[in-house]
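Containing mmCIF, C-alpha atoms: upload.cif.
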```
data_entry
loop_
_atom_site.group_PDB
_atom_site.id
_atom_site.type_symbol
_atom_site.label_atom_id
_atom_site.label_comp_id
_atom_site.auth_asym_id
_atom_site.auth_seq_id
_atom_site.Cartn_x
_atom_site.Cartn_y
_atom_site.Cartn_z
ATOM 1 C CA MET A 1331 24.615 56.003 -21.765
ATOM 2 C CA SER A 1332 28.335 55.516 -21.392
ATOM 3 C CA THR A 1333 29.912 52.130 -20.857
ATOM 4 C CA SER A 1334 30.474 52.988 -17.215
ATOM 5 C CA GLU A 1335 26.691 53.413 -16.843
ATOM 6 C CA THR A 1336 25.819 50.128 -18.554
ATOM 7 C CA PRO A 1337 24.353 47.704 -16.052
ATOM 8 C CA ALA A 1338 26.610 44.763 -15.378
ATOM 9 C CA THR A 1339 25.455 41.470 -16.782
ATOM 10 C CA ALA A 1340 24.482 39.372 -13.834
ATOM 11 C CA GLY A 1341 26.226 36.041 -13.758
ATOM 12 C CA PRO A 1342 24.718 32.855 -12.401
ATOM 13 C CA GLU A 1343 26.355 33.484 -9.030
ATOM 14 C CA THR A 1344 24.469 36.774 -8.560
ATOM 15 C CA THR A 1345 21.090 35.980 -10.105
ATOM 16 C CA ALA A 1346 18.571 33.749 -8.388
ATOM 17 C CA ARG A 1347 16.756 31.488 -10.837
ATOM 18 C CA HIS A 1348 13.682 29.489 -10.064
ATOM 19 C CA VAL A 1349 13.461 26.072 -11.674
ATOM 20 C CA ARG A 1350 10.532 23.684 -11.572
ATOM 21 C CA LEU A 1351 11.695 20.076 -11.315
ATOM 22 C CA ARG A 1352 9.023 17.538 -12.167
ATOM 23 C CA VAL A 1353 9.534 13.927 -11.189
ATOM 24 C CA ASP A 1354 7.146 11.061 -11.890
ATOM 25 C CA ILE A 1355 7.811 7.878 -9.983
ATOM 26 C CA VAL A 1356 5.792 4.679 -10.242
ATOM 27 C CA LEU A 1357 6.223 2.428 -7.227
ATOM 28 C CA GLU A 1358 5.015 -1.092 -6.608
ATOM 29 C CA ILE A 1359 3.789 -1.617 -3.057
ATOM 30 C CA ASP A 1360 4.821 -5.139 -2.112
ATOM 31 C CA GLY A 1361 4.724 -4.596 1.659
ATOM 32 C CA PRO A 1362 1.624 -2.572 2.482
ATOM 33 C CA ALA A 1363 1.746 -3.427 6.200
ATOM 34 C CA GLU A 1364 5.346 -2.224 6.504
ATOM 35 C CA LEU A 1365 4.497 0.934 4.558
ATOM 36 C CA THR A 1366 1.522 1.666 6.824
ATOM 37 C CA THR A 1367 3.604 1.071 9.964
ATOM 38 C CA ALA A 1368 6.301 3.449 8.736
ATOM 39 C CA ALA A 1369 3.739 6.134 7.870
ATOM 40 C CA GLU A 1370 2.068 5.799 11.282
ATOM 41 C CA GLY A 1371 5.500 6.152 12.895
ATOM 42 C CA ARG A 1372 6.112 9.368 10.943
ATOM 43 C CA ILE A 1373 2.701 10.707 11.950
ATOM 44 C CA ASP A 1374 3.225 9.794 15.619
ATOM 45 C CA SER A 1375 6.619 11.504 15.673
ATOM 46 C CA ASP A 1376 5.291 14.776 14.238
ATOM 47 C CA GLU A 1377 5.266 16.945 17.343
ATOM 48 C CA PHE A 1378 3.473 19.787 15.555
ATOM 49 C CA MET A 1379 0.467 17.754 14.369
ATOM 50 C CA PRO A 1380 -2.666 18.320 16.494
ATOM 51 C CA ALA A 1381 -4.184 15.198 18.074
ATOM 52 C CA ASP A 1382 -7.408 15.291 16.026
ATOM 53 C CA GLU A 1383 -5.442 15.644 12.783
ATOM 54 C CA ARG A 1384 -3.118 12.815 13.878
ATOM 55 C CA GLU A 1385 -6.061 10.402 14.257
ATOM 56 C CA HIS A 1386 -7.447 11.403 10.860
ATOM 57 C CA ALA A 1387 -4.005 10.897 9.275
ATOM 58 C CA ARG A 1388 -3.543 7.483 10.893
ATOM 59 C CA ALA A 1389 -6.947 6.354 9.590
ATOM 60 C CA ALA A 1390 -6.103 7.613 6.085
ATOM 61 C CA VAL A 1391 -2.788 5.728 5.874
ATOM 62 C CA ARG A 1392 -4.432 2.524 7.124
ATOM 63 C CA GLU A 1393 -6.999 2.713 4.310
ATOM 64 C CA ASP A 1394 -4.798 3.796 1.404
ATOM 65 C CA ALA A 1395 -1.160 2.976 0.608
ATOM 66 C CA SER A 1396 -0.886 6.121 -1.524
ATOM 67 C CA GLU A 1397 -1.739 8.191 1.573
ATOM 68 C CA ALA A 1398 1.005 6.375 3.474
ATOM 69 C CA LEU A 1399 3.488 7.280 0.738
ATOM 70 C CA ALA A 1400 2.434 10.914 0.849
ATOM 71 C CA TYR A 1401 3.350 11.017 4.549
ATOM 72 C CA LEU A 1402 6.718 9.349 3.977
ATOM 73 C CA VAL A 1403 7.983 11.112 0.853
ATOM 74 C CA GLU A 1404 9.635 14.436 1.618
ATOM 75 C CA PRO A 1405 10.673 16.555 -1.399
ATOM 76 C CA PHE A 1406 13.143 18.482 0.756
ATOM 77 C CA ASP A 1407 15.169 15.271 1.109
ATOM 78 C CA LEU A 1408 15.759 15.261 -2.665
ATOM 79 C CA VAL A 1409 17.555 18.617 -2.640
ATOM 80 C CA ARG A 1410 18.764 19.005 0.944
ATOM 81 C CA ASP A 1411 22.448 18.442 0.174
ATOM 82 C CA LEU A 1412 22.631 20.087 -3.247
ATOM 83 C CA PRO A 1413 25.068 23.016 -3.257
ATOM 84 C CA GLY A 1414 23.640 26.383 -4.250
ATOM 85 C CA VAL A 1415 20.012 25.228 -4.079
ATOM 86 C CA GLU A 1416 17.282 26.329 -1.699
ATOM 87 C CA LEU A 1417 13.848 24.711 -1.745
ATOM 88 C CA VAL A 1418 11.317 27.523 -2.107
ATOM 89 C CA GLN A 1419 8.077 25.601 -2.500
ATOM 90 C CA ALA A 1420 7.046 21.974 -2.886
ATOM 91 C CA ALA A 1421 3.829 20.136 -3.515
ATOM 92 C CA TRP A 1422 3.304 16.451 -4.057
ATOM 93 C CA SER A 1423 0.581 13.903 -4.195
ATOM 94 C CA SER A 1424 0.229 10.175 -4.457
ATOM 95 C CA GLU A 1425 -2.532 8.084 -6.008
ATOM 96 C CA GLU A 1426 -3.216 4.505 -6.987
ATOM 97 C CA ILE A 1427 -2.991 3.966 -10.737
ATOM 98 C CA GLU A 1428 -3.441 1.258 -13.318
ATOM 99 C CA TYR A 1429 0.040 0.404 -14.567
ATOM 100 C CA ASP A 1430 0.934 -1.452 -17.748
ATOM 101 C CA PRO A 1431 4.682 -1.214 -18.398
ATOM 102 C CA ASP A 1432 4.107 -2.088 -22.064
ATOM 103 C CA ALA A 1433 1.630 0.733 -22.707
ATOM 104 C CA MET A 1434 2.868 3.726 -24.715
ATOM 105 C CA GLU A 1435 1.836 6.172 -21.995
ATOM 106 C CA TRP A 1436 4.444 4.698 -19.621
ATOM 107 C CA GLU A 1437 7.420 5.033 -21.952
ATOM 108 C CA LEU A 1438 10.025 7.421 -20.617
ATOM 109 C CA ASP A 1439 11.200 10.126 -23.007
ATOM 110 C CA GLU A 1440 14.661 9.379 -24.349
ATOM 111 C CA GLU A 1441 15.535 13.065 -24.336
ATOM 112 C CA ASP A 1442 13.967 16.318 -23.245
ATOM 113 C CA GLY A 1443 12.420 18.566 -25.858
ATOM 114 C CA ASP A 1444 11.454 15.827 -28.327
ATOM 115 C CA GLY A 1445 8.510 17.930 -29.439
ATOM 116 C CA ASP A 1446 5.867 15.985 -27.516
ATOM 117 C CA ASP A 1447 6.127 18.010 -24.314
ATOM 118 C CA SER A 1448 4.745 21.527 -24.564
ATOM 119 C CA ASP A 1449 6.386 22.789 -21.360
ATOM 120 C CA ASP A 1450 10.033 21.940 -21.806
ATOM 121 C CA ALA A 1451 12.701 23.186 -19.385
ATOM 122 C CA GLU A 1452 13.284 26.448 -21.243
ATOM 123 C CA GLY A 1453 9.644 27.334 -21.828
ATOM 124 C CA ALA A 1454 7.956 26.097 -18.688
ATOM 125 C CA ASP A 1455 5.288 28.457 -17.378
ATOM 126 C CA ARG A 1456 6.018 31.172 -19.907
ATOM 127 C CA PRO A 1457 3.065 33.398 -20.756
#
```

Can you dump the structure from the file as structure tokens?
Amino acid sequence: MSTSETPATAGPETTARHVRLRVDIVLEIDGPAELTTAAEGRIDSDEFMPADEREHARAAVREDASEALAYLVEPFDLVRDLPGVELVQAAWSSEEIEYDPDAMEWELDEEDGDGDDSDDAEGADRP
């Protein structure tokens, strides 16, 4: 193969890369009524939600603050204005947890790749 036949090395501007961004957020709900009202407002304004699903959703957010959060948090909002980024897929969930800020399990890593995390940014989802 001559040098003229060698495939060009694709630069970052020509190669699409998929990156998984994982974010853990612990929130304290100090206004459950306000949270529920906001979630119900979001549900009511969803013109594509069928009426039977809307009633089920409203009941769920009234019973569980984590359900209300799931209706209000939109991953697209995190990346909407980032240049050169297109959201391909998103999934999220919310659940009530026991939280002890002094427990080891809640310490944030000081740096990525400290050896404790088996799926670091470079090796995530590699076979």

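The closest residue to Asp1407 in chain A, picked from A:Ala1363, A:Asp1430, A:Ala1420, A:Asp1376 and counting only C-alpha atoms, is A:Ala1420.
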
### Message
Can you pull out the residues contacting range 1392-1398 of chain A? Cut-off 10 Å, using only C-alpha atoms, and skip same-chain residues under 4 positions away; I want them as a PyMOL selection string.
### Response
chain A and resi 1357+1359+1361-1363+1365-1370+1372-1373+1387-1388+1402-1403+1423-1427

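Taking CA of Ala1421 in chain A as the reference point, CA of Pro1405 in chain A is found at 8.0 Å.
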
Given 5 Å on each side, where is the centre and what are the edge lengths in Å to one decimal of the axis-aligned box enclosing the listed atoms of range 1430-1434 of chain A, as lines of an AutoDock Vina configuration file?
```
center_x = 2.8
center_y = 0.8
center_z = -21.2
size_x = 13.7
size_y = 15.8
size_z = 17.0
```

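The space separating CA of Leu1399 in chain A from CA of Glu1358 in chain A comes to 11.2 Å.
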
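Note that the spacing between CA of Met1379 in chain A and CA of Trp1422 in chain A amounts to 18.7 Å.
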